[in-house]
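Asker: Structure supplied as my_file.txt; contents: compact mmCIF, C-alpha atoms.
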# COMPACT_ATOMS: atom_id res chain seq x y z
CA MET A 1 85.52 115.24 -8.33
CA GLN A 2 84.45 114.22 -4.92
CA ALA A 3 82.03 111.30 -4.44
CA GLU A 4 79.13 112.00 -2.20
CA ILE A 5 77.32 109.42 -0.19
CA THR A 6 73.57 109.53 -0.15
CA SER A 7 71.64 109.19 3.07
CA THR A 8 70.35 105.77 1.94
CA GLN A 9 73.89 104.54 1.35
CA LEU A 10 74.93 105.88 4.75
CA TYR A 11 72.05 104.09 6.49
CA LEU A 12 72.87 100.86 4.67
CA ALA A 13 76.55 101.18 5.54
CA ALA A 14 75.72 101.66 9.21
CA ALA A 15 72.90 99.10 9.39
CA LEU A 16 74.50 96.25 7.42
CA PRO A 17 77.11 95.26 10.06
CA THR A 18 74.42 95.45 12.74
CA ILE A 19 72.08 93.23 10.73
CA LEU A 20 74.87 90.73 10.07
CA SER A 21 75.79 90.76 13.76
CA LEU A 22 72.17 90.12 14.76
CA THR A 23 72.01 87.30 12.22
CA GLY A 24 75.03 85.71 13.91
CA VAL A 25 73.34 86.03 17.29
CA VAL A 26 70.17 84.40 15.95
CA VAL A 27 72.20 81.57 14.43
CA SER A 28 73.98 81.10 17.76
CA ILE A 29 70.69 80.98 19.66
CA VAL A 30 69.22 78.48 17.20
CA GLY A 31 72.36 76.33 17.58
CA PHE A 32 72.12 76.54 21.37
CA VAL A 33 68.45 75.52 21.36
CA ASN A 34 69.20 72.67 18.96
CA ASN A 35 72.04 71.38 21.13
CA ASN A 36 69.89 71.72 24.23
CA GLY A 37 67.27 69.52 22.59
CA ARG A 38 69.90 66.98 21.67
CA PHE A 39 71.08 66.85 25.28
CA GLY A 40 67.50 66.17 26.30
CA ASP A 41 67.35 63.29 23.81
CA LEU A 42 70.65 61.97 25.10
CA ASN A 43 69.41 62.19 28.68
CA SER A 44 66.30 60.17 27.83
CA ARG A 45 68.45 57.57 26.07
CA PHE A 46 70.60 57.21 29.18
CA ALA A 47 67.43 56.85 31.27
CA ASP A 48 66.23 54.08 28.94
CA LEU A 49 69.63 52.41 29.18
CA ASN A 50 69.49 52.62 32.97
CA LEU A 51 66.08 50.93 32.94
CA GLY A 52 67.51 48.22 30.70
CA PHE A 53 70.34 47.62 33.16
CA SER A 54 67.83 47.47 36.03
CA ASP A 55 65.85 44.83 34.15
CA LEU A 56 69.04 42.90 33.42
CA LYS A 57 70.03 43.05 37.09
CA ALA A 58 66.62 41.67 38.10
CA ASP A 59 66.98 38.86 35.56
CA VAL A 60 70.46 38.00 36.86
CA ASN A 61 69.11 37.89 40.42
CA ILE A 62 66.34 35.51 39.36
CA LEU A 63 68.87 33.35 37.51
CA SER A 64 71.18 33.35 40.54
CA GLY A 65 68.34 32.07 42.73
CA ARG A 66 67.57 29.32 40.24
CA VAL A 67 71.23 28.29 40.06
CA ASP A 68 71.34 28.13 43.86
CA THR A 69 68.25 25.92 43.81
CA LEU A 70 69.83 23.68 41.17
CA ILE A 71 73.06 23.38 43.15
CA GLY A 72 71.04 22.42 46.25
CA ALA A 73 69.17 19.75 44.27
CA VAL A 74 72.43 18.33 42.90
CA ASN A 75 73.92 18.22 46.40
CA ASP A 76 70.81 16.40 47.71
CA LEU A 77 71.03 13.92 44.83
CA ASP A 78 74.73 13.36 45.55
CA LYS A 79 73.95 12.61 49.19
CA ARG A 80 71.24 10.12 48.20
CA VAL A 81 73.52 8.36 45.71
CA THR A 82 76.28 8.21 48.33
CA ARG A 83 73.86 6.56 50.81
CA ILE A 84 72.72 4.04 48.18
CA GLU A 85 76.36 3.24 47.33
CA ASP A 86 77.12 2.75 51.02
CA LYS A 87 74.15 0.38 51.45
CA LEU A 88 75.12 -1.65 48.39
CA GLY A 89 78.81 -1.60 49.22
CA ILE A 90 79.79 -0.20 45.85
CA ARG A 91 81.28 3.03 47.03
CA PRO A 92 84.48 3.76 45.06
Spit out the file's structure as structure tokens when you get a sec.
Answerer:
Amino acid sequence: MQAEITSTQLYLAAALPTILSLTGVVVSIVGFVNNNGRFGDLNSRFADLNLGFSDLKADVNILSGRVDTLIGAVNDLDKRVTRIEDKLGIRP
């Protein structure tokens, strides 16, 4: 007794690996598109982080200018106190 394959079974046997292979390709493409979108999100996050660092740098520059102003005021005050001490003769 010899088993015969019907034409439907033959078509299914030939088409099934092709369909599974195409399914794998589709899954790969979907994964690639998904990862590409995630890289876009990551890129925008880095851009936001870069803007945050730019703002921080501007704030540090403002603070540095204010510290320089404060140091200048303290130096002026020290000079005035030194002159007053010299006039009163109480310089240590």
Asker: Work out how far atom CA of A:Leu20 is from atom CA of A:Glu4, in Å to one decimal.
Answerer: 24.9 Å
Asker: For atom CA of A:Gly89 and atom CA of A:Asp76, determine how far apart the two atoms are, in Å to one decimal place.
Answerer: 19.8 Å
Asker: Please compute the atom CA of A:Asp41-atom CA of A:Val25 distance, one decimal, in Å.
Answerer: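 Those two atoms sit 24.4 Å apart.
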Asker: Is it possible to get the axis-aligned box enclosing stretch 34-38 of chain A (all listed atoms, 8 Å extra per side) as AutoDock Vina command-line options, with centre and edge lengths in Å rounded to one decimal?
Answerer:
--center_x 69.7 --center_y 69.8 --center_z 21.6 --size_x 20.8 --size_y 21.7 --size_z 21.3
